[in-house]
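**Student:** Please read through the structure below; I'll follow up with questions.
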Amino acid sequence: MTIPFIPNDDATALSVDIRTRKRSAREVTVAALETIRRQDSNLNCFTMVLENEALAQADAIDSRIVAGDDPGPLAGVPFAVKNLFDIAGHTTIAGSKIHAEKPAADRDAAVVERLKGAGAVLLGALNMDEYAYGFTTENTHYGPTRNPHDPERVAGGSSGGSAAAVAAGMVPLTVGSDTNGSIRVPAALSGVYGLKPTYGRISRAGAFLFAESFDHVGPFARSVRDIALAFDLMHGPDPRDPVASKRPAEAVLPELELGTSGLRIAVADGYFSSQGTPEAFEAVRKVAKALDVQQTVTIPDAEKARAAAYIITACEGGNLHLPDLRTRPHDFDPVVVERFLAGTLLPASWYSHAQRFRRVFRDSMRELFRTVDVILAPATPCSAIRIGQATIVLDGKEVPSRPNLGVFTQPISFIGLPVMCVPVFEPGSLPLGVQVIGAPYRETSVLRVARQLEQMGVSCAPMVVPELITAHEGPA
Amino acid sequence: MLINEPAVMDEVLSLHHEYETALVSNNVEKLTAFFWDSAHALRFGVAESLYGSSEIEAFRKARPALNLEREVLNLRIVTFGSQCATVTLEFKRMANGVPRHGRQSQVWMKFEEGWKIVSAHVSFTPTLYMDAAAGLIGLQIPAEYREGVRQNIERTSQIIAPLLGFSISEQTESAQVFEP
């Protein structure tokens, strides 16, 4: 027997049901596995499903509950992680063929440990762009992840499997990583909530890096409270991650319902109000209107921030993979290998200039946050592109689609600001996302705004079952 | 004066083959003997300008016998009468781990003691930044990715242009362990 998820079944609700024995962890796990079986041959979110391990874990949770024990706030909640996170006993492939040859991880990544420690049940690993270098999850080795809202379109990337699995209701909670937009872009294009916390707040221990200066870890979910809960469980100091902030954890959940009063909110203009489709800016206007925001703010030198992020990413990513690029370039995904090769060759002065500019930009943003608490900006310049679509038209100019999906996310992750991507739907249209950007360590502010928008119905992340929307007719 | 008289062509061609053999096996004695023993002899190498037979000989003796193997392309010999000839060719060889293309020109004169090279010039065609940088880090870019990598570097240079124009105070250092 299967009990399908209903849209309101977020992780929080499921966990309450399981802890109060309205359902068992096993029932929920079986239902999730069934949903994956039904949906995933089409959507291709999972690269590994841990059926037996998940059922064993669910049974253990049920036994503890029966014994009167509280397994934690995520008791029995199914979750899955981008396949760059270590799962003990399995190989961390990071979207690649090369790393599929490596030995199994001997320990879970920090975030996997923390979520399991709160009772969550790990169902498997999720598809991504190879080594996270992409915004579309068009992975040549493992196939593209399809957007549940339109399977002919990309789910966004690089954490595409993480976003689409939540959108399709396979699991209510996933974890991804964001270096230049890899949580926010797929959250926007797949229509789910995605949080990129402040740099260093969630441990990266046991996560395969891409560009160390910018790599962040964060959750995806269909409700803001789930994001808050997952953030509360995952963040805080970790000696295993050299860049983990020593700042003590600050729980968001207790303040989630405080509303937006007292928060100075502004819409980013200039760079963030051009080079996008009208729909992308309309989504921001809709959010601003709902929050009664009239103020605009100019993020200085955003284009330079994006350029600097681009350079640092290319250099760090290229250098990380240089040994394999020397000896086995043909084993890389052809869609990313040229960028990695080019990244190994960029002049050191570019890299140093970009790193020094990061401090300049951080300082001017710190200054800006003296006058404003939360900034609104589009997440992507357009809604999901078709799988294989090489170009998009922005401001009347045809530009390469894949790198340009990140134009609005890159300057923000460049200095590690916390951002919640909130999904916004227009009837009959594909989802879009709005970045709710906060000052460093102010996850609470961005989640309060997101919660307000969710409550007002301006933002939502409904579960979407593609077979009910459109019959998929095979690869594009 | 007869141009390209077959007998003269044969003579020069066989000397060219001998020269190539001596070159790739780094037979210093033979190579030195191919050049005119005169202060007027000249050899412009890839990186060196050698005036006179003693400078040429000294260079040959000091040269490490590495990667001398080369593929000769487009060999052209033109003879002028029975005492003068030019030998030109293009070549491909590895240098610092990178395949390079080069050109070589020689002027040969026949003296009482036989044919000698009186003047020579060897050069590599200019390398793309991409190939030079790849060579320095021991990377070989597969042929099918070359154009993509070249375009990528070009696009990156366009993206970074406004940033490079932004002047940063000398007091500003990068944040080593980054704190937002």
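Identifiers in this document derive from the order of the structure tokens: chains are assigned A, B, ..., residues are numbered from 1 separately in each chain, and ligands are numbered from 1 in order of occurrence.
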From a DSSP pass on the backbone, collect the residues of chain B flagged as alpha helix (DSSP H) and hand them back as number ranges by chain.
**Tutor:** B: 6-24, 28-34, 53-62, 129-136, 143-164
**Student:** Please identify all polymer residues within 9 Å of Asp395 of chain A, counting only C-alpha atoms, omitting same-chain residues fewer than 2 positions from it, and present them as a VMD selection string.
**Tutor:** chain A and resid 274 to 277 393 397 to 398
**Student:** Take the residues that were just selected and, keeping C-alpha atoms, output them as a tab-separated table (two decimals), in the first residue's frame.
**Tutor:**
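See out_19.tsv below for the written result:
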chain	number	residue	atom	x	y	z
A	274	SER	CA	18.46	44.77	-16.50
A	275	GLN	CA	19.62	41.80	-18.58
A	276	GLY	CA	16.58	39.73	-17.73
A	277	THR	CA	13.21	38.87	-19.18
A	393	VAL	CA	17.85	36.53	-25.55
A	397	LYS	CA	20.93	40.35	-27.27
A	398	GLU	CA	21.50	36.65	-27.83
**Student:** Taking 4 positions as the minimum chain separation for residues in the same chain, which residues sit within 9 Å of Ala164 of chain A when counting only C-alpha atoms? Answer as a list in words.
**Tutor:**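 The neighbour list is Leu43, Asn44, Cys45, Thr145, Arg146, Asn147, Pro148, Ala155, Gly156, Ser159, Gly160, Ala168, Gly169, Met170, Pro186, Ala187, Ser190, Gly191 and Val192 of chain A.
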**Student:** Which residue gives the smallest distance to Leu368 of chain A among A:Arg240, A:Leu256, A:Ala221, A:Gly438, with only C-alpha atoms counted?
**Tutor:**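 Among the listed residues, A:Gly438 lies closest to Leu368 of chain A.
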**Student:** Please check the contacts: residues of chain B at most 12 Å away from chain A, using only C-alpha atoms, listed as an NGL selection string.
**Tutor:** :B and (97 or 128-180)
**Student:** Excluding same-chain residues fewer than 6 positions from segment 89-98 of chain A, what lies within 8 Å of it counting only C-alpha atoms, as a ChimeraX atom specification?
**Tutor:** /A:82-83,104-107,127-132,139,141-142,208,331-333
**Student:** Considering only strand (DSSP E) as DSSP defines it on the backbone, what residues of segment 6-177 of chain B qualify? List them as a VMD selection string.
**Tutor:** chain B and resid 42 to 44 49 to 51 71 to 80 84 to 95 98 to 111 114 to 124
**Student:** Go ahead and save the picked residues with N, CA and C atoms, as a short mmCIF file (atom, residue, chain, number, x, y, z; two decimals), in the first residue's frame.
**Tutor:**
data_model
loop_
_atom_site.label_atom_id
_atom_site.label_comp_id
_atom_site.auth_asym_id
_atom_site.auth_seq_id
_atom_site.Cartn_x
_atom_site.Cartn_y
_atom_site.Cartn_z
N LEU B 42 77.07 32.53 -39.75
CA LEU B 42 76.04 33.10 -38.88
C LEU B 42 74.95 32.07 -38.64
N ARG B 43 74.50 32.01 -37.40
CA ARG B 43 73.34 31.16 -37.11
C ARG B 43 72.44 31.85 -36.09
N PHE B 44 71.24 32.21 -36.54
CA PHE B 44 70.22 32.71 -35.62
C PHE B 44 69.39 31.52 -35.17
N SER B 49 71.68 34.34 -30.99
CA SER B 49 72.24 34.91 -32.22
C SER B 49 73.74 34.64 -32.20
N LEU B 50 74.19 33.77 -33.10
CA LEU B 50 75.58 33.32 -33.05
C LEU B 50 76.34 33.87 -34.24
N TYR B 51 77.42 34.59 -33.95
CA TYR B 51 78.25 35.18 -35.00
C TYR B 51 79.59 34.49 -35.02
N GLU B 71 59.86 16.64 -37.05
CA GLU B 71 59.23 16.21 -38.30
C GLU B 71 59.40 17.36 -39.30
N VAL B 72 60.00 17.01 -40.47
CA VAL B 72 60.26 18.05 -41.47
C VAL B 72 59.08 18.14 -42.44
N LEU B 73 58.62 19.37 -42.66
CA LEU B 73 57.49 19.59 -43.57
C LEU B 73 57.93 20.61 -44.63
N ASN B 74 57.42 20.46 -45.84
CA ASN B 74 57.64 21.47 -46.88
C ASN B 74 59.11 21.81 -47.14
N LEU B 75 59.88 20.77 -47.27
CA LEU B 75 61.30 21.00 -47.60
C LEU B 75 61.40 21.61 -49.01
N ARG B 76 62.16 22.69 -49.12
CA ARG B 76 62.38 23.33 -50.43
C ARG B 76 63.87 23.56 -50.61
N ILE B 77 64.38 23.11 -51.76
CA ILE B 77 65.78 23.38 -52.09
C ILE B 77 65.80 24.14 -53.41
N VAL B 78 66.54 25.20 -53.43
CA VAL B 78 66.76 25.89 -54.71
C VAL B 78 68.27 26.03 -54.88
N THR B 79 68.78 25.58 -56.03
CA THR B 79 70.22 25.72 -56.28
C THR B 79 70.43 26.78 -57.35
N PHE B 80 71.53 27.51 -57.18
CA PHE B 80 71.88 28.59 -58.13
C PHE B 80 73.25 28.25 -58.68
N CYS B 84 75.88 27.50 -55.06
CA CYS B 84 75.05 28.19 -54.08
C CYS B 84 73.67 27.55 -54.02
N ALA B 85 73.14 27.45 -52.81
CA ALA B 85 71.80 26.85 -52.65
C ALA B 85 71.13 27.41 -51.40
N THR B 86 69.79 27.40 -51.44
CA THR B 86 69.04 27.69 -50.20
C THR B 86 68.23 26.44 -49.85
N VAL B 87 68.19 26.17 -48.56
CA VAL B 87 67.38 25.04 -48.06
C VAL B 87 66.42 25.63 -47.04
N THR B 88 65.14 25.48 -47.29
CA THR B 88 64.16 25.98 -46.32
C THR B 88 63.19 24.86 -45.97
N LEU B 89 62.72 24.89 -44.76
CA LEU B 89 61.75 23.87 -44.34
C LEU B 89 60.94 24.38 -43.16
N GLU B 90 59.81 23.70 -42.94
CA GLU B 90 59.06 23.90 -41.70
C GLU B 90 59.23 22.63 -40.88
N PHE B 91 59.07 22.74 -39.59
CA PHE B 91 59.21 21.52 -38.78
C PHE B 91 58.24 21.56 -37.61
N LYS B 92 58.03 20.37 -37.05
CA LYS B 92 57.24 20.25 -35.82
C LYS B 92 58.08 19.50 -34.82
N ARG B 93 58.18 20.03 -33.60
CA ARG B 93 58.82 19.26 -32.55
C ARG B 93 58.27 19.67 -31.19
N MET B 94 58.54 18.85 -30.19
CA MET B 94 58.09 19.15 -28.84
C MET B 94 59.07 20.11 -28.18
N ALA B 95 58.54 21.09 -27.46
CA ALA B 95 59.39 21.96 -26.66
C ALA B 95 58.68 22.19 -25.33
N VAL B 98 55.21 20.85 -25.11
CA VAL B 98 54.16 21.38 -25.99
C VAL B 98 54.58 21.18 -27.44
N PRO B 99 53.69 20.69 -28.30
CA PRO B 99 54.06 20.56 -29.72
C PRO B 99 54.20 21.95 -30.34
N ARG B 100 55.33 22.17 -31.00
CA ARG B 100 55.57 23.49 -31.59
C ARG B 100 55.81 23.37 -33.08
N HIS B 101 55.51 24.42 -33.79
CA HIS B 101 55.76 24.51 -35.23
C HIS B 101 56.87 25.53 -35.44
N GLY B 102 57.82 25.23 -36.33
CA GLY B 102 58.90 26.18 -36.56
C GLY B 102 59.32 26.21 -38.02
N ARG B 103 60.26 27.11 -38.31
CA ARG B 103 60.77 27.26 -39.67
C ARG B 103 62.29 27.38 -39.63
N GLN B 104 62.93 26.93 -40.70
CA GLN B 104 64.38 26.99 -40.77
C GLN B 104 64.80 27.38 -42.18
N SER B 105 65.76 28.30 -42.29
CA SER B 105 66.31 28.69 -43.60
C SER B 105 67.83 28.57 -43.54
N GLN B 106 68.40 28.00 -44.57
CA GLN B 106 69.87 27.90 -44.63
C GLN B 106 70.36 28.37 -46.01
N VAL B 107 71.50 29.03 -46.00
CA VAL B 107 72.19 29.35 -47.26
C VAL B 107 73.45 28.49 -47.31
N TRP B 108 73.57 27.71 -48.38
CA TRP B 108 74.74 26.83 -48.54
C TRP B 108 75.62 27.38 -49.68
N MET B 109 76.95 27.31 -49.45
CA MET B 109 77.90 27.68 -50.50
C MET B 109 78.90 26.54 -50.64
N LYS B 110 79.32 26.31 -51.90
CA LYS B 110 80.32 25.25 -52.10
C LYS B 110 81.71 25.86 -52.16
N PHE B 111 82.56 25.47 -51.24
CA PHE B 111 83.95 25.93 -51.20
C PHE B 111 84.85 24.81 -51.69
N GLY B 114 84.22 21.78 -49.91
CA GLY B 114 82.88 21.21 -50.07
C GLY B 114 81.80 22.20 -49.67
N TRP B 115 80.52 21.69 -49.64
CA TRP B 115 79.36 22.52 -49.29
C TRP B 115 79.38 22.87 -47.81
N LYS B 116 79.12 24.16 -47.49
CA LYS B 116 79.03 24.59 -46.09
C LYS B 116 77.82 25.51 -45.92
N ILE B 117 77.27 25.47 -44.73
CA ILE B 117 76.20 26.43 -44.42
C ILE B 117 76.87 27.74 -44.02
N VAL B 118 76.52 28.82 -44.70
CA VAL B 118 77.15 30.10 -44.36
C VAL B 118 76.23 30.96 -43.50
N SER B 119 74.94 30.68 -43.59
CA SER B 119 73.98 31.47 -42.82
C SER B 119 72.74 30.63 -42.56
N ALA B 120 72.23 30.69 -41.33
CA ALA B 120 71.03 29.90 -41.01
C ALA B 120 70.17 30.65 -40.02
N HIS B 121 68.89 30.39 -40.07
CA HIS B 121 67.95 31.04 -39.14
C HIS B 121 66.87 30.01 -38.78
N VAL B 122 66.71 29.75 -37.50
CA VAL B 122 65.67 28.83 -37.03
C VAL B 122 64.73 29.60 -36.12
N SER B 123 63.43 29.39 -36.27
CA SER B 123 62.51 30.06 -35.35
C SER B 123 61.29 29.18 -35.11
N PHE B 124 60.63 29.43 -33.97
CA PHE B 124 59.31 28.84 -33.74
C PHE B 124 58.27 29.87 -34.16
#
**Student:** For Ala7 of chain B, find every residue with an atom within 12 Å (counting only C-alpha atoms), except residues of its own chain fewer than 3 positions away, and show them as a PDB file with N, CA and C atoms, in the first residue's frame.
**Tutor:**
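Output file selection-v6.pdb follows:
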ATOM      1  N   LEU B   2      72.483  27.971 -64.107  1.00  0.00           N
ATOM      2  CA  LEU B   2      71.391  27.001 -64.070  1.00  0.00           C
ATOM      3  C   LEU B   2      70.753  26.951 -62.685  1.00  0.00           C
ATOM      4  N   ILE B   3      69.451  27.063 -62.657  1.00  0.00           N
ATOM      5  CA  ILE B   3      68.712  26.941 -61.399  1.00  0.00           C
ATOM      6  C   ILE B   3      68.221  25.504 -61.281  1.00  0.00           C
ATOM      7  N   ASN B   4      68.414  24.937 -60.116  1.00  0.00           N
ATOM      8  CA  ASN B   4      67.894  23.596 -59.818  1.00  0.00           C
ATOM      9  C   ASN B   4      68.368  22.526 -60.807  1.00  0.00           C
ATOM     10  N   ASP B  10      70.639  16.977 -56.150  1.00  0.00           N
ATOM     11  CA  ASP B  10      70.892  15.698 -55.471  1.00  0.00           C
ATOM     12  C   ASP B  10      71.958  15.855 -54.403  1.00  0.00           C
ATOM     13  N   GLU B  11      73.028  16.591 -54.787  1.00  0.00           N
ATOM     14  CA  GLU B  11      74.125  16.815 -53.829  1.00  0.00           C
ATOM     15  C   GLU B  11      73.604  17.481 -52.563  1.00  0.00           C
ATOM     16  N   VAL B  12      72.846  18.562 -52.765  1.00  0.00           N
ATOM     17  CA  VAL B  12      72.385  19.340 -51.614  1.00  0.00           C
ATOM     18  C   VAL B  12      71.366  18.540 -50.796  1.00  0.00           C
ATOM     19  N   LEU B  13      70.485  17.809 -51.511  1.00  0.00           N
ATOM     20  CA  LEU B  13      69.481  17.019 -50.803  1.00  0.00           C
ATOM     21  C   LEU B  13      70.133  15.975 -49.902  1.00  0.00           C
ATOM     22  N   SER B  14      71.174  15.332 -50.425  1.00  0.00           N
ATOM     23  CA  SER B  14      71.787  14.299 -49.596  1.00  0.00           C
ATOM     24  C   SER B  14      72.511  14.930 -48.401  1.00  0.00           C
ATOM     25  N   THR B  79      68.780  25.581 -56.034  1.00  0.00           N
ATOM     26  CA  THR B  79      70.222  25.721 -56.279  1.00  0.00           C
ATOM     27  C   THR B  79      70.430  26.784 -57.350  1.00  0.00           C
ATOM     28  N   PHE B  80      71.530  27.514 -57.183  1.00  0.00           N
ATOM     29  CA  PHE B  80      71.880  28.588 -58.130  1.00  0.00           C
ATOM     30  C   PHE B  80      73.248  28.252 -58.683  1.00  0.00           C
ATOM     31  N   GLY B  81      73.312  27.786 -59.935  1.00  0.00           N
ATOM     32  CA  GLY B  81      74.571  27.313 -60.473  1.00  0.00           C
ATOM     33  C   GLY B  81      75.012  26.082 -59.705  1.00  0.00           C
ATOM     34  N   SER B  82      76.298  25.875 -59.536  1.00  0.00           N
ATOM     35  CA  SER B  82      76.780  24.670 -58.856  1.00  0.00           C
ATOM     36  C   SER B  82      77.387  24.992 -57.508  1.00  0.00           C
ATOM     37  N   GLN B  83      77.312  26.268 -57.060  1.00  0.00           N
ATOM     38  CA  GLN B  83      78.028  26.627 -55.837  1.00  0.00           C
ATOM     39  C   GLN B  83      77.182  27.300 -54.767  1.00  0.00           C
TER      40      GLN B  83
END
**Student:** Between atom CA of Ala11 of chain A and atom CA of Leu74 of chain A, measure the distance and give it in Å to one decimal.
**Tutor:**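 Calculated distance between atom CA of Ala11 of chain A and atom CA of Leu74 of chain A is 6.9 Å.
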**Student:** Could you give me, as a list of chain:residue names, the residues within 12 Å of Arg386 of chain A, counting only C-alpha atoms and dropping anything in the same chain fewer than 6 positions from it?
**Tutor:**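 What passes the distance filter is A:Thr136, A:Thr137, A:Glu138, A:Pro144, A:Thr145, A:Arg146, A:Asn147, A:His149, A:Asp150, A:Pro151, A:Glu152, A:Arg153, A:Val154, A:Ala155, A:Gly156, A:Leu189, A:Ile392, A:Ser401, A:Arg402, A:Leu430, A:Pro475, A:Ala476.
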**Student:** For segment 455-465 of chain A, please output as a PyMOL selection string all residues within 7 Å (counting only C-alpha atoms; exclusion window: fewer than 2 positions along the same chain).
**Tutor:** chain A and resi 7+148-149+167-169+191-193+222-223+287+422-424+451-453+467-469
**Student:** Next, write the just-selected residues to a file, as an mmCIF file, in the first residue's frame, keeping N, CA and C atoms as the atom set.
**Tutor:**
data_model
loop_
_atom_site.group_PDB
_atom_site.id
_atom_site.type_symbol
_atom_site.label_atom_id
_atom_site.label_comp_id
_atom_site.auth_asym_id
_atom_site.auth_seq_id
_atom_site.Cartn_x
_atom_site.Cartn_y
_atom_site.Cartn_z
ATOM 1 N N PRO A 7 0.427 17.877 -0.897
ATOM 2 C CA PRO A 7 1.272 19.067 -0.912
ATOM 3 C C PRO A 7 1.575 19.650 0.466
ATOM 4 N N PRO A 148 10.304 19.189 -13.191
ATOM 5 C CA PRO A 148 8.973 18.602 -12.998
ATOM 6 C C PRO A 148 7.851 19.466 -13.594
ATOM 7 N N HIS A 149 8.082 20.767 -13.719
ATOM 8 C CA HIS A 149 7.051 21.642 -14.278
ATOM 9 C C HIS A 149 6.967 21.536 -15.794
ATOM 10 N N ALA A 167 10.562 19.367 -5.698
ATOM 11 C CA ALA A 167 9.417 19.873 -6.472
ATOM 12 C C ALA A 167 8.465 18.739 -6.839
ATOM 13 N N ALA A 168 9.028 17.578 -7.155
ATOM 14 C CA ALA A 168 8.206 16.444 -7.586
ATOM 15 C C ALA A 168 7.662 15.637 -6.410
ATOM 16 N N GLY A 169 7.978 16.051 -5.190
ATOM 17 C CA GLY A 169 7.428 15.370 -4.024
ATOM 18 C C GLY A 169 8.060 14.020 -3.725
ATOM 19 N N GLY A 191 10.956 25.854 -8.796
ATOM 20 C CA GLY A 191 9.842 26.324 -7.981
ATOM 21 C C GLY A 191 9.807 25.782 -6.565
ATOM 22 N N VAL A 192 10.954 25.762 -5.892
ATOM 23 C CA VAL A 192 10.985 25.348 -4.483
ATOM 24 C C VAL A 192 11.794 26.383 -3.685
ATOM 25 N N TYR A 193 11.746 26.256 -2.360
ATOM 26 C CA TYR A 193 12.561 27.125 -1.517
ATOM 27 C C TYR A 193 13.980 26.570 -1.451
ATOM 28 N N ARG A 222 9.814 22.518 0.485
ATOM 29 C CA ARG A 222 8.609 23.143 -0.066
ATOM 30 C C ARG A 222 7.934 24.079 0.932
ATOM 31 N N SER A 223 8.507 24.200 2.136
ATOM 32 C CA SER A 223 7.950 25.189 3.068
ATOM 33 C C SER A 223 9.093 25.938 3.740
ATOM 34 N N VAL A 287 6.623 40.552 -5.403
ATOM 35 C CA VAL A 287 7.064 40.353 -4.020
ATOM 36 C C VAL A 287 7.180 41.692 -3.291
ATOM 37 N N VAL A 422 12.973 32.468 -3.003
ATOM 38 C CA VAL A 422 11.555 32.148 -2.822
ATOM 39 C C VAL A 422 10.902 31.976 -4.192
ATOM 40 N N PRO A 423 10.151 30.885 -4.353
ATOM 41 C CA PRO A 423 9.508 30.633 -5.645
ATOM 42 C C PRO A 423 8.252 31.476 -5.828
ATOM 43 N N VAL A 424 8.083 31.971 -7.045
ATOM 44 C CA VAL A 424 6.917 32.794 -7.370
ATOM 45 C C VAL A 424 6.300 32.224 -8.646
ATOM 46 N N ARG A 451 8.899 33.711 5.006
ATOM 47 C CA ARG A 451 7.722 33.168 5.695
ATOM 48 C C ARG A 451 6.507 34.081 5.499
ATOM 49 N N GLN A 452 6.759 35.396 5.574
ATOM 50 C CA GLN A 452 5.683 36.363 5.363
ATOM 51 C C GLN A 452 5.093 36.199 3.953
ATOM 52 N N LEU A 453 5.971 36.063 2.965
ATOM 53 C CA LEU A 453 5.518 35.914 1.583
ATOM 54 C C LEU A 453 4.734 34.617 1.395
ATOM 55 N N GLU A 467 3.484 13.749 -14.550
ATOM 56 C CA GLU A 467 2.618 12.915 -15.389
ATOM 57 C C GLU A 467 1.196 13.484 -15.431
ATOM 58 N N LEU A 468 0.865 14.309 -14.435
ATOM 59 C CA LEU A 468 -0.462 14.923 -14.426
ATOM 60 C C LEU A 468 -0.492 16.189 -15.286
ATOM 61 N N ILE A 469 0.684 16.697 -15.631
ATOM 62 C CA ILE A 469 0.739 17.933 -16.410
ATOM 63 C C ILE A 469 0.863 17.621 -17.895
#
**Student:** When you count only C-alpha atoms, which of these residues is closest to Phe408 of chain A: A:Leu320, A:Leu432, A:Ala377, A:Ile87?
**Tutor:**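 Nearest to Phe408 of chain A: A:Ala377.
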